[in-house]
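Trainee: Hey, dropping run-v8.tsv in here, TSV, N, CA and C atoms:
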chain	number	residue	atom	x	y	z
G	1	GLU	N	15.88	-20.02	-15.63
G	1	GLU	CA	14.66	-19.31	-15.33
G	1	GLU	C	14.84	-18.53	-14.05
G	2	VAL	N	14.47	-17.26	-14.08
G	2	VAL	CA	14.58	-16.41	-12.90
G	2	VAL	C	13.54	-16.81	-11.87
G	3	GLN	N	13.98	-16.95	-10.64
G	3	GLN	CA	13.06	-17.21	-9.54
G	3	GLN	C	13.42	-16.30	-8.38
G	4	LEU	N	12.39	-15.77	-7.74
G	4	LEU	CA	12.56	-14.96	-6.55
G	4	LEU	C	11.95	-15.70	-5.38
G	5	GLN	N	12.71	-15.83	-4.32
G	5	GLN	CA	12.26	-16.56	-3.14
G	5	GLN	C	12.28	-15.63	-1.94
G	6	ALA	N	11.09	-15.31	-1.44
G	6	ALA	CA	10.97	-14.40	-0.31
G	6	ALA	C	10.85	-15.17	1.00
G	7	SER	N	11.38	-14.60	2.07
G	7	SER	CA	11.29	-15.22	3.38
G	7	SER	C	11.46	-14.16	4.45
G	8	GLY	N	11.22	-14.55	5.70
G	8	GLY	CA	11.49	-13.66	6.82
G	8	GLY	C	10.28	-13.05	7.47
G	9	GLY	N	9.09	-13.34	6.96
G	9	GLY	CA	7.90	-12.78	7.57
G	9	GLY	C	7.65	-13.38	8.94
G	10	GLY	N	6.73	-12.77	9.65
G	10	GLY	CA	6.39	-13.28	10.98
G	10	GLY	C	5.50	-12.33	11.73
G	11	LEU	N	5.39	-12.58	13.02
G	11	LEU	CA	4.56	-11.77	13.92
G	11	LEU	C	5.46	-10.90	14.77
G	12	VAL	N	5.14	-9.62	14.82
G	12	VAL	CA	5.94	-8.68	15.61
G	12	VAL	C	5.01	-7.67	16.25
G	13	LYS	N	5.43	-7.11	17.36
G	13	LYS	CA	4.62	-6.11	18.05
G	13	LYS	C	4.83	-4.73	17.44
G	14	THR	N	3.89	-3.86	17.66
G	14	THR	CA	4.00	-2.48	17.20
G	14	THR	C	5.30	-1.87	17.70
G	15	GLY	N	5.99	-1.21	16.77
G	15	GLY	CA	7.27	-0.61	17.10
G	15	GLY	C	8.46	-1.52	16.88
G	16	GLY	N	8.19	-2.77	16.60
G	16	GLY	CA	9.26	-3.74	16.41
G	16	GLY	C	9.83	-3.70	15.00
G	17	SER	N	10.75	-4.61	14.76
G	17	SER	CA	11.46	-4.67	13.48
G	17	SER	C	11.40	-6.07	12.91
G	18	LEU	N	11.55	-6.11	11.60
G	18	LEU	CA	11.56	-7.39	10.89
G	18	LEU	C	12.40	-7.20	9.64
G	19	LYS	N	13.09	-8.24	9.22
G	19	LYS	CA	13.91	-8.16	8.02
G	19	LYS	C	13.50	-9.27	7.07
G	20	LEU	N	13.04	-8.87	5.90
G	20	LEU	CA	12.67	-9.82	4.87
G	20	LEU	C	13.82	-10.02	3.90
G	21	SER	N	13.88	-11.22	3.33
G	21	SER	CA	14.90	-11.53	2.34
G	21	SER	C	14.25	-11.97	1.04
G	22	CYS	N	14.88	-11.66	-0.04
G	22	CYS	CA	14.44	-12.10	-1.36
G	22	CYS	C	15.67	-12.59	-2.11
G	23	THR	N	15.74	-13.89	-2.31
G	23	THR	CA	16.87	-14.49	-3.00
G	23	THR	C	16.52	-14.70	-4.46
G	24	ALA	N	17.37	-14.18	-5.32
G	24	ALA	CA	17.13	-14.27	-6.76
G	24	ALA	C	18.06	-15.28	-7.38
G	25	SER	N	17.49	-16.21	-8.10
G	25	SER	CA	18.30	-17.20	-8.83
G	25	SER	C	18.29	-16.85	-10.31
G	26	GLU	N	19.41	-17.08	-10.96
G	26	GLU	CA	19.55	-16.83	-12.39
G	26	GLU	C	19.27	-15.37	-12.75
G	27	PHE	N	19.63	-14.46	-11.85
G	27	PHE	CA	19.32	-13.05	-12.06
G	27	PHE	C	20.57	-12.31	-12.49
G	28	GLY	N	21.04	-12.58	-13.72
G	28	GLY	CA	22.27	-11.96	-14.19
G	28	GLY	C	22.04	-10.75	-15.05
G	29	PHE	N	21.20	-9.83	-14.59
G	29	PHE	CA	20.87	-8.65	-15.38
G	29	PHE	C	21.64	-7.43	-14.87
G	30	ASP	N	22.02	-6.58	-15.77
G	30	ASP	CA	22.70	-5.34	-15.40
G	30	ASP	C	21.70	-4.20	-15.20
G	31	ASP	N	20.61	-4.23	-15.91
G	31	ASP	CA	19.61	-3.16	-15.84
G	31	ASP	C	18.32	-3.75	-15.27
G	32	TYR	N	17.96	-3.30	-14.10
G	32	TYR	CA	16.80	-3.88	-13.43
G	32	TYR	C	16.33	-2.95	-12.33
G	33	ALA	N	15.13	-3.25	-11.88
G	33	ALA	CA	14.62	-2.66	-10.65
G	33	ALA	C	14.09	-3.82	-9.82
G	34	ILE	N	14.41	-3.81	-8.55
G	34	ILE	CA	13.96	-4.87	-7.67
G	34	ILE	C	13.47	-4.26	-6.37
G	35	GLY	N	12.43	-4.81	-5.82
G	35	GLY	CA	11.88	-4.25	-4.60
G	35	GLY	C	10.74	-5.08	-4.05
G	36	TRP	N	9.83	-4.39	-3.36
G	36	TRP	CA	8.77	-5.08	-2.64
G	36	TRP	C	7.41	-4.41	-2.86
G	37	PHE	N	6.41	-5.28	-2.91
G	37	PHE	CA	5.02	-4.86	-2.86
G	37	PHE	C	4.41	-5.46	-1.59
G	38	ARG	N	3.24	-5.01	-1.26
G	38	ARG	CA	2.50	-5.65	-0.18
G	38	ARG	C	1.01	-5.62	-0.49
G	39	GLN	N	0.30	-6.54	0.11
G	39	GLN	CA	-1.15	-6.58	-0.06
G	39	GLN	C	-1.79	-6.94	1.28
G	40	ALA	N	-2.56	-6.01	1.78
G	40	ALA	CA	-3.29	-6.22	3.02
G	40	ALA	C	-4.65	-6.82	2.70
G	41	PRO	N	-5.26	-7.49	3.65
G	41	PRO	CA	-6.58	-8.09	3.41
G	41	PRO	C	-7.59	-7.06	2.93
G	42	GLY	N	-8.25	-7.38	1.82
G	42	GLY	CA	-9.28	-6.50	1.29
G	42	GLY	C	-8.77	-5.29	0.55
G	43	LYS	N	-7.46	-5.21	0.38
G	43	LYS	CA	-6.88	-4.05	-0.30
G	43	LYS	C	-6.10	-4.48	-1.54
G	44	GLU	N	-5.86	-3.52	-2.41
G	44	GLU	CA	-5.07	-3.81	-3.60
G	44	GLU	C	-3.59	-3.91	-3.24
G	45	ARG	N	-2.86	-4.63	-4.07
G	45	ARG	CA	-1.42	-4.71	-3.90
G	45	ARG	C	-0.82	-3.34	-4.18
G	46	GLU	N	0.12	-2.93	-3.35
G	46	GLU	CA	0.76	-1.62	-3.51
G	46	GLU	C	2.28	-1.77	-3.41
G	47	TRP	N	2.95	-0.90	-4.14
G	47	TRP	CA	4.41	-0.97	-4.09
G	47	TRP	C	4.90	-0.31	-2.81
G	48	VAL	N	5.99	-0.80	-2.30
G	48	VAL	CA	6.54	-0.35	-1.02
G	48	VAL	C	7.88	0.36	-1.21
G	49	ILE	N	8.77	-0.30	-1.92
G	49	ILE	CA	10.12	0.21	-2.05
G	49	ILE	C	10.78	-0.47	-3.24
G	50	LEU	N	11.64	0.25	-3.93
G	50	LEU	CA	12.40	-0.40	-4.99
G	50	LEU	C	13.75	0.25	-5.17
G	51	PHE	N	14.67	-0.55	-5.66
G	51	PHE	CA	16.00	-0.07	-6.03
G	51	PHE	C	16.14	-0.20	-7.54
G	52	SER	N	16.61	0.87	-8.17
G	52	SER	CA	16.84	0.87	-9.60
G	52	SER	C	18.33	0.84	-9.89
G	53	SER	N	18.75	-0.14	-10.69
G	53	SER	CA	20.16	-0.19	-11.06
G	53	SER	C	20.47	0.86	-12.13
G	54	ILE	N	19.43	1.42	-12.75
G	54	ILE	CA	19.63	2.39	-13.83
G	54	ILE	C	20.25	3.67	-13.29
G	55	ASP	N	19.67	4.17	-12.22
G	55	ASP	CA	20.16	5.43	-11.66
G	55	ASP	C	20.70	5.27	-10.24
G	56	GLY	N	20.68	4.04	-9.74
G	56	GLY	CA	21.22	3.80	-8.40
G	56	GLY	C	20.36	4.36	-7.29
G	57	ARG	N	19.13	4.71	-7.61
G	57	ARG	CA	18.26	5.32	-6.61
G	57	ARG	C	17.37	4.29	-5.94
G	58	THR	N	16.99	4.64	-4.74
G	58	THR	CA	15.97	3.88	-4.02
G	58	THR	C	14.72	4.74	-3.94
G	59	TYR	N	13.60	4.15	-4.26
G	59	TYR	CA	12.33	4.85	-4.23
G	59	TYR	C	11.49	4.28	-3.07
G	60	TYR	N	10.90	5.18	-2.29
G	60	TYR	CA	10.13	4.78	-1.13
G	60	TYR	C	8.69	5.25	-1.28
G	61	ALA	N	7.75	4.37	-0.97
G	61	ALA	CA	6.38	4.82	-0.82
G	61	ALA	C	6.31	5.73	0.39
G	62	ASP	N	5.45	6.72	0.35
G	62	ASP	CA	5.41	7.71	1.43
G	62	ASP	C	5.21	7.06	2.80
G	63	PHE	N	4.45	6.00	2.85
G	63	PHE	CA	4.09	5.43	4.14
G	63	PHE	C	5.23	4.63	4.78
G	64	VAL	N	6.36	4.48	4.09
G	64	VAL	CA	7.49	3.75	4.69
G	64	VAL	C	8.74	4.60	4.81
G	65	LYS	N	8.68	5.84	4.37
G	65	LYS	CA	9.86	6.69	4.44
G	65	LYS	C	10.32	6.84	5.89
G	66	GLY	N	11.61	6.66	6.08
G	66	GLY	CA	12.18	6.77	7.42
G	66	GLY	C	12.05	5.52	8.25
G	67	ARG	N	11.34	4.53	7.74
G	67	ARG	CA	11.16	3.29	8.53
G	67	ARG	C	11.71	2.06	7.82
G	68	PHE	N	11.56	1.98	6.51
G	68	PHE	CA	11.99	0.80	5.74
G	68	PHE	C	13.21	1.16	4.90
G	69	THR	N	14.10	0.19	4.74
G	69	THR	CA	15.24	0.35	3.84
G	69	THR	C	15.43	-0.93	3.04
G	70	ILE	N	16.09	-0.78	1.91
G	70	ILE	CA	16.39	-1.92	1.05
G	70	ILE	C	17.89	-2.02	0.88
G	71	SER	N	18.39	-3.24	0.85
G	71	SER	CA	19.82	-3.45	0.68
G	71	SER	C	20.03	-4.78	-0.01
G	72	SER	N	21.27	-5.07	-0.34
G	72	SER	CA	21.57	-6.35	-0.96
G	72	SER	C	22.90	-6.87	-0.45
G	73	ASP	N	23.14	-8.16	-0.65
G	73	ASP	CA	24.43	-8.71	-0.27
G	73	ASP	C	25.46	-8.37	-1.35
G	74	ASN	N	26.72	-8.63	-1.09
G	74	ASN	CA	27.77	-8.25	-2.02
G	74	ASN	C	27.64	-8.93	-3.37
G	75	ALA	N	27.13	-10.14	-3.35
G	75	ALA	CA	26.96	-10.87	-4.60
G	75	ALA	C	25.73	-10.44	-5.36
G	76	LYS	N	24.92	-9.60	-4.72
G	76	LYS	CA	23.68	-9.09	-5.32
G	76	LYS	C	22.74	-10.22	-5.72
G	77	THR	N	22.75	-11.30	-4.91
G	77	THR	CA	21.80	-12.36	-5.17
G	77	THR	C	20.65	-12.34	-4.18
G	78	THR	N	20.81	-11.58	-3.10
G	78	THR	CA	19.75	-11.48	-2.10
G	78	THR	C	19.49	-10.02	-1.80
G	79	VAL	N	18.22	-9.66	-1.80
G	79	VAL	CA	17.79	-8.31	-1.47
G	79	VAL	C	17.05	-8.37	-0.15
G	80	TYR	N	17.32	-7.39	0.70
G	80	TYR	CA	16.72	-7.37	2.02
G	80	TYR	C	15.79	-6.17	2.17
G	81	LEU	N	14.73	-6.37	2.91
G	81	LEU	CA	13.85	-5.27	3.30
G	81	LEU	C	13.88	-5.19	4.82
G	82	GLN	N	14.53	-4.16	5.31
G	82	GLN	CA	14.58	-3.93	6.75
G	82	GLN	C	13.41	-3.04	7.13
G	83	MET	N	12.58	-3.54	8.00
G	83	MET	CA	11.38	-2.80	8.41
G	83	MET	C	11.48	-2.47	9.88
G	84	ASN	N	11.51	-1.20	10.19
G	84	ASN	CA	11.58	-0.73	11.57
G	84	ASN	C	10.33	0.06	11.92
G	85	SER	N	10.15	0.26	13.19
G	85	SER	CA	9.00	1.03	13.69
G	85	SER	C	7.69	0.55	13.05
G	86	LEU	N	7.50	-0.74	13.09
G	86	LEU	CA	6.34	-1.32	12.42
G	86	LEU	C	5.04	-0.93	13.11
G	87	LYS	N	4.02	-0.78	12.27
G	87	LYS	CA	2.70	-0.39	12.73
G	87	LYS	C	1.69	-1.48	12.35
G	88	PRO	N	0.57	-1.54	13.03
G	88	PRO	CA	-0.44	-2.54	12.65
G	88	PRO	C	-0.87	-2.43	11.18
G	89	GLU	N	-0.86	-1.22	10.65
G	89	GLU	CA	-1.25	-1.03	9.25
G	89	GLU	C	-0.22	-1.55	8.27
G	90	ASP	N	0.92	-1.98	8.76
G	90	ASP	CA	1.92	-2.62	7.90
G	90	ASP	C	1.62	-4.10	7.72
G	91	THR	N	0.64	-4.60	8.43
G	91	THR	CA	0.26	-6.00	8.29
G	91	THR	C	-0.18	-6.28	6.86
G	92	ALA	N	0.46	-7.25	6.24
G	92	ALA	CA	0.17	-7.57	4.84
G	92	ALA	C	1.01	-8.76	4.42
G	93	VAL	N	0.70	-9.27	3.25
G	93	VAL	CA	1.59	-10.23	2.60
G	93	VAL	C	2.56	-9.41	1.75
G	94	TYR	N	3.82	-9.64	1.94
G	94	TYR	CA	4.85	-8.89	1.23
G	94	TYR	C	5.43	-9.75	0.11
G	95	TYR	N	5.57	-9.13	-1.06
G	95	TYR	CA	6.06	-9.81	-2.25
G	95	TYR	C	7.30	-9.10	-2.78
G	96	CYS	N	8.34	-9.86	-3.06
G	96	CYS	CA	9.44	-9.23	-3.79
G	96	CYS	C	9.12	-9.30	-5.27
G	97	ALA	N	9.66	-8.36	-6.01
G	97	ALA	CA	9.31	-8.23	-7.42
G	97	ALA	C	10.47	-7.60	-8.16
G	98	ALA	N	10.57	-7.91	-9.44
G	98	ALA	CA	11.66	-7.36	-10.24
G	98	ALA	C	11.21	-7.13	-11.68
G	99	ILE	N	11.76	-6.10	-12.25
G	99	ILE	CA	11.61	-5.88	-13.68
G	99	ILE	C	13.01	-5.70	-14.28
G	100	VAL	N	13.17	-6.04	-15.52
G	100	VAL	CA	14.48	-5.99	-16.15
G	100	VAL	C	14.41	-5.15	-17.42
G	101	GLY	N	15.58	-4.63	-17.79
G	101	GLY	CA	15.65	-3.78	-18.96
G	101	GLY	C	15.62	-2.32	-18.57
G	102	ILE	N	15.98	-1.47	-19.49
G	102	ILE	CA	16.07	-0.04	-19.23
G	102	ILE	C	14.71	0.63	-19.31
G	103	MET	N	13.88	0.19	-20.23
G	103	MET	CA	12.62	0.88	-20.50
G	103	MET	C	11.64	0.77	-19.35
G	104	GLY	N	11.11	1.91	-18.97
G	104	GLY	CA	9.99	1.92	-18.04
G	104	GLY	C	10.34	1.81	-16.57
G	105	ILE	N	11.63	1.87	-16.26
G	105	ILE	CA	12.01	1.84	-14.84
G	105	ILE	C	12.11	3.27	-14.33
G	106	PRO	N	11.47	3.68	-13.25
G	106	PRO	CA	10.70	2.86	-12.32
G	106	PRO	C	9.19	2.85	-12.55
G	107	THR	N	8.72	3.54	-13.58
G	107	THR	CA	7.28	3.70	-13.78
G	107	THR	C	6.55	2.35	-13.85
G	108	ARG	N	7.15	1.41	-14.56
G	108	ARG	CA	6.52	0.10	-14.66
G	108	ARG	C	6.38	-0.54	-13.29
G	109	PHE	N	7.35	-0.37	-12.46
G	109	PHE	CA	7.30	-0.95	-11.12
G	109	PHE	C	6.18	-0.33	-10.32
G	110	PHE	N	6.08	1.00	-10.37
G	110	PHE	CA	5.00	1.69	-9.65
G	110	PHE	C	3.64	1.18	-10.08
G	111	GLY	N	3.52	0.86	-11.36
G	111	GLY	CA	2.23	0.44	-11.90
G	111	GLY	C	1.97	-1.05	-11.78
G	112	GLY	N	2.91	-1.78	-11.17
G	112	GLY	CA	2.71	-3.21	-10.99
G	112	GLY	C	2.95	-4.03	-12.24
G	113	ASP	N	3.61	-3.44	-13.23
G	113	ASP	CA	3.95	-4.17	-14.46
G	113	ASP	C	5.27	-4.89	-14.23
G	114	ILE	N	5.18	-6.04	-13.62
G	114	ILE	CA	6.33	-6.75	-13.07
G	114	ILE	C	6.69	-7.95	-13.94
G	115	ASP	N	7.98	-8.17	-14.13
G	115	ASP	CA	8.43	-9.33	-14.88
G	115	ASP	C	8.53	-10.58	-14.02
G	116	TYR	N	8.98	-10.40	-12.79
G	116	TYR	CA	9.17	-11.56	-11.92
G	116	TYR	C	8.62	-11.26	-10.52
G	117	TRP	N	7.82	-12.17	-10.02
G	117	TRP	CA	7.27	-12.08	-8.67
G	117	TRP	C	7.82	-13.21	-7.82
G	118	GLY	N	8.09	-12.89	-6.57
G	118	GLY	CA	8.35	-13.93	-5.60
G	118	GLY	C	7.04	-14.32	-4.93
G	119	GLN	N	7.07	-15.42	-4.22
G	119	GLN	CA	5.88	-15.78	-3.46
G	119	GLN	C	5.79	-14.84	-2.25
G	120	GLY	N	4.66	-14.69	-1.69
G	120	GLY	CA	4.49	-13.76	-0.59
G	120	GLY	C	4.96	-14.32	0.74
G	121	THR	N	5.25	-13.40	1.64
G	121	THR	CA	5.58	-13.77	3.01
G	121	THR	C	4.75	-12.88	3.93
G	122	GLN	N	4.10	-13.48	4.90
G	122	GLN	CA	3.15	-12.78	5.75
G	122	GLN	C	3.87	-12.00	6.85
G	123	VAL	N	3.51	-10.75	6.97
G	123	VAL	CA	3.97	-9.90	8.07
G	123	VAL	C	2.75	-9.46	8.86
G	124	THR	N	2.77	-9.75	10.15
G	124	THR	CA	1.66	-9.37	11.01
G	124	THR	C	2.20	-8.53	12.17
G	125	VAL	N	1.64	-7.35	12.32
G	125	VAL	CA	2.07	-6.45	13.39
G	125	VAL	C	0.91	-6.32	14.37
G	126	SER	N	1.16	-6.75	15.60
G	126	SER	CA	0.11	-6.71	16.61
G	126	SER	C	0.16	-5.39	17.37
G	127	SER	N	-1.00	-4.93	17.79
G	127	SER	CA	-1.07	-3.66	18.51
G	127	SER	C	-0.89	-3.86	20.00
What's the structure tokens form of this structure?

Mentor:
Amino acid sequence: EVQLQASGGGLVKTGGSLKLSCTASEFGFDDYAIGWFRQAPGKEREWVILFSSIDGRTYYADFVKGRFTISSDNAKTTVYLQMNSLKPEDTAVYYCAAIVGIMGIPTRFFGGDIDYWGQGTQVTVSS
């Protein structure tokens, strides 16, 4: 059974950096998209960033371009979200998420049609 385990959240000051990790178990898929969503208090969950194995592209939400990046370890079992130049509006619970298969990538991800969710990790940016 596929499981995603997110970690690395915490409290950071405005302008600081934080690196989240998402460890995937039993994730032996060749065609997938994996990335992150976030949900701030009182707001809907929104996608942040994703990597597609289909075309090798990384997709960024406009509000994180130039600040957030996604990467993985050599074994491709852990995905990282490097967050730089953090702002108070980045405060949210961050969720790693993945979809598998060729169909609907990345549109399904954008729409929140996710096959696997990790538990959330809280990121708080103080002003």

Trainee: Which one of G:Asp113, G:Asp30, G:Glu1, G:Glu46 sits closest to G:Asp90 if you count only C-alpha atoms?

Mentor: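 Comparing G:Asp113, G:Asp30, G:Glu1, G:Glu46 against G:Asp90, the winner is G:Glu46.
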
Trainee: With a distance cut-off of 8 Å and all atoms listed in the file, select the neighbouring residues of stretch 82-89 of chain G, excluding the residue or stretch itself and same-chain residues fewer than 4 positions from it, and output the selection as a PyMOL selection string.

Mentor: chain G and resi 12-21+40+66-71+124-127

Trainee: If you run DSSP on this backbone, which residues of stretch 7-51 of chain G come out as strand (DSSP E or B), and could you give them as a list in words?

Mentor: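 DSSP-assigned strand (DSSP E or B) residues in stretch 7-51 of chain G: Ser7, Gly10, Leu11, Val12, Lys13, Leu18, Lys19, Leu20, Ser21, Cys22, Thr23, Ala24, Ser25, Tyr32, Ala33, Ile34, Gly35, Trp36, Phe37, Arg38, Gln39, Glu46, Trp47, Val48, Ile49, Leu50 and Phe51 of chain G.
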
Trainee: Write to file, as a JSON list (two decimals), in the frame of the given file, the residues of the selection just made, with N, CA and C atoms.

Mentor:
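Contents of selection_16.json, freshly written:
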[["chain", "number", "residue", "atom", "x", "y", "z"],
["G", 7, "SER", "N", 11.38, -14.60, 2.07],
["G", 7, "SER", "CA", 11.29, -15.22, 3.38],
["G", 7, "SER", "C", 11.46, -14.16, 4.45],
["G", 10, "GLY", "N", 6.73, -12.77, 9.65],
["G", 10, "GLY", "CA", 6.39, -13.28, 10.98],
["G", 10, "GLY", "C", 5.50, -12.33, 11.73],
["G", 11, "LEU", "N", 5.39, -12.58, 13.02],
["G", 11, "LEU", "CA", 4.56, -11.77, 13.92],
["G", 11, "LEU", "C", 5.46, -10.90, 14.77],
["G", 12, "VAL", "N", 5.14, -9.62, 14.82],
["G", 12, "VAL", "CA", 5.94, -8.68, 15.61],
["G", 12, "VAL", "C", 5.01, -7.67, 16.25],
["G", 13, "LYS", "N", 5.43, -7.11, 17.36],
["G", 13, "LYS", "CA", 4.62, -6.11, 18.05],
["G", 13, "LYS", "C", 4.83, -4.73, 17.44],
["G", 18, "LEU", "N", 11.55, -6.11, 11.60],
["G", 18, "LEU", "CA", 11.56, -7.39, 10.89],
["G", 18, "LEU", "C", 12.40, -7.20, 9.64],
["G", 19, "LYS", "N", 13.09, -8.24, 9.22],
["G", 19, "LYS", "CA", 13.91, -8.16, 8.02],
["G", 19, "LYS", "C", 13.50, -9.27, 7.07],
["G", 20, "LEU", "N", 13.04, -8.87, 5.90],
["G", 20, "LEU", "CA", 12.67, -9.82, 4.87],
["G", 20, "LEU", "C", 13.82, -10.02, 3.90],
["G", 21, "SER", "N", 13.88, -11.22, 3.33],
["G", 21, "SER", "CA", 14.90, -11.53, 2.34],
["G", 21, "SER", "C", 14.25, -11.97, 1.04],
["G", 22, "CYS", "N", 14.88, -11.66, -0.04],
["G", 22, "CYS", "CA", 14.44, -12.10, -1.36],
["G", 22, "CYS", "C", 15.67, -12.59, -2.11],
["G", 23, "THR", "N", 15.74, -13.89, -2.31],
["G", 23, "THR", "CA", 16.87, -14.49, -3.00],
["G", 23, "THR", "C", 16.52, -14.70, -4.46],
["G", 24, "ALA", "N", 17.37, -14.18, -5.32],
["G", 24, "ALA", "CA", 17.13, -14.27, -6.76],
["G", 24, "ALA", "C", 18.06, -15.28, -7.38],
["G", 25, "SER", "N", 17.49, -16.21, -8.10],
["G", 25, "SER", "CA", 18.30, -17.20, -8.83],
["G", 25, "SER", "C", 18.29, -16.85, -10.31],
["G", 32, "TYR", "N", 17.96, -3.30, -14.10],
["G", 32, "TYR", "CA", 16.80, -3.88, -13.43],
["G", 32, "TYR", "C", 16.33, -2.95, -12.33],
["G", 33, "ALA", "N", 15.13, -3.25, -11.88],
["G", 33, "ALA", "CA", 14.62, -2.66, -10.65],
["G", 33, "ALA", "C", 14.09, -3.82, -9.82],
["G", 34, "ILE", "N", 14.41, -3.81, -8.55],
["G", 34, "ILE", "CA", 13.96, -4.87, -7.67],
["G", 34, "ILE", "C", 13.47, -4.26, -6.37],
["G", 35, "GLY", "N", 12.43, -4.81, -5.82],
["G", 35, "GLY", "CA", 11.88, -4.25, -4.60],
["G", 35, "GLY", "C", 10.74, -5.08, -4.05],
["G", 36, "TRP", "N", 9.83, -4.39, -3.36],
["G", 36, "TRP", "CA", 8.77, -5.08, -2.64],
["G", 36, "TRP", "C", 7.41, -4.41, -2.86],
["G", 37, "PHE", "N", 6.41, -5.28, -2.91],
["G", 37, "PHE", "CA", 5.02, -4.86, -2.86],
["G", 37, "PHE", "C", 4.41, -5.46, -1.59],
["G", 38, "ARG", "N", 3.24, -5.01, -1.26],
["G", 38, "ARG", "CA", 2.50, -5.65, -0.18],
["G", 38, "ARG", "C", 1.01, -5.62, -0.49],
["G", 39, "GLN", "N", 0.30, -6.54, 0.11],
["G", 39, "GLN", "CA", -1.15, -6.58, -0.06],
["G", 39, "GLN", "C", -1.79, -6.94, 1.28],
["G", 46, "GLU", "N", 0.12, -2.93, -3.35],
["G", 46, "GLU", "CA", 0.76, -1.62, -3.51],
["G", 46, "GLU", "C", 2.28, -1.77, -3.41],
["G", 47, "TRP", "N", 2.95, -0.90, -4.14],
["G", 47, "TRP", "CA", 4.41, -0.97, -4.09],
["G", 47, "TRP", "C", 4.90, -0.31, -2.81],
["G", 48, "VAL", "N", 5.99, -0.80, -2.30],
["G", 48, "VAL", "CA", 6.54, -0.35, -1.02],
["G", 48, "VAL", "C", 7.88, 0.36, -1.21],
["G", 49, "ILE", "N", 8.77, -0.30, -1.92],
["G", 49, "ILE", "CA", 10.12, 0.21, -2.05],
["G", 49, "ILE", "C", 10.78, -0.47, -3.24],
["G", 50, "LEU", "N", 11.64, 0.25, -3.93],
["G", 50, "LEU", "CA", 12.40, -0.40, -4.99],
["G", 50, "LEU", "C", 13.75, 0.25, -5.17],
["G", 51, "PHE", "N", 14.67, -0.55, -5.66],
["G", 51, "PHE", "CA", 16.00, -0.07, -6.03],
["G", 51, "PHE", "C", 16.14, -0.20, -7.54]]

Trainee: One decimal, Å: what's the distance from atom CA of G:Gly104 over to atom N of G:Ala33, could you say?

Mentor: 9.5 Å

Trainee: When you draw a straight line from atom C of G:Ser7 to atom CA of G:Trp47, how long is it in Å?

Mentor: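 Here the two named atoms are 17.2 Å from each other.
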
Trainee: Using only C-alpha atoms for the distances, tell me which of G:Asp31, G:Asp115, G:Thr121, G:Thr58 is nearest to G:Gln3.

Mentor: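 Selected residue with least distance to G:Gln3: G:Asp115.
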
Trainee: Let me make sure I understand: among G:Arg57, G:Arg45, G:Lys76, G:Arg108, which one has the smallest atom-to-atom distance to G:Phe27 if we use all atoms listed in the file?

Mentor: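 Closest to G:Phe27, using all atoms listed in the file: G:Lys76.
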
Trainee: Place a sphere of radius 8 Å on (7.0, -6.0, -1.3) in the file coordinates and name every protein, DNA or RNA residue with an atom inside or on its surface, counting all atoms listed in the file; give the answer as a tab-separated table (two decimals) with N, CA and C atoms, keeping the file's coordinate frame.

Mentor:
chain	number	residue	atom	x	y	z
G	35	GLY	N	12.43	-4.81	-5.82
G	35	GLY	CA	11.88	-4.25	-4.60
G	35	GLY	C	10.74	-5.08	-4.05
G	36	TRP	N	9.83	-4.39	-3.36
G	36	TRP	CA	8.77	-5.08	-2.64
G	36	TRP	C	7.41	-4.41	-2.86
G	37	PHE	N	6.41	-5.28	-2.91
G	37	PHE	CA	5.02	-4.86	-2.86
G	37	PHE	C	4.41	-5.46	-1.59
G	38	ARG	N	3.24	-5.01	-1.26
G	38	ARG	CA	2.50	-5.65	-0.18
G	38	ARG	C	1.01	-5.62	-0.49
G	39	GLN	N	0.30	-6.54	0.11
G	39	GLN	CA	-1.15	-6.58	-0.06
G	39	GLN	C	-1.79	-6.94	1.28
G	46	GLU	N	0.12	-2.93	-3.35
G	46	GLU	CA	0.76	-1.62	-3.51
G	46	GLU	C	2.28	-1.77	-3.41
G	47	TRP	N	2.95	-0.90	-4.14
G	47	TRP	CA	4.41	-0.97	-4.09
G	47	TRP	C	4.90	-0.31	-2.81
G	48	VAL	N	5.99	-0.80	-2.30
G	48	VAL	CA	6.54	-0.35	-1.02
G	48	VAL	C	7.88	0.36	-1.21
G	49	ILE	N	8.77	-0.30	-1.92
G	49	ILE	CA	10.12	0.21	-2.05
G	49	ILE	C	10.78	-0.47	-3.24
G	93	VAL	N	0.70	-9.27	3.25
G	93	VAL	CA	1.59	-10.23	2.60
G	93	VAL	C	2.56	-9.41	1.75
G	94	TYR	N	3.82	-9.64	1.94
G	94	TYR	CA	4.85	-8.89	1.23
G	94	TYR	C	5.43	-9.75	0.11
G	95	TYR	N	5.57	-9.13	-1.06
G	95	TYR	CA	6.06	-9.81	-2.25
G	95	TYR	C	7.30	-9.10	-2.78
G	96	CYS	N	8.34	-9.86	-3.06
G	96	CYS	CA	9.44	-9.23	-3.79
G	96	CYS	C	9.12	-9.30	-5.27
G	97	ALA	N	9.66	-8.36	-6.01
G	97	ALA	CA	9.31	-8.23	-7.42
G	97	ALA	C	10.47	-7.60	-8.16
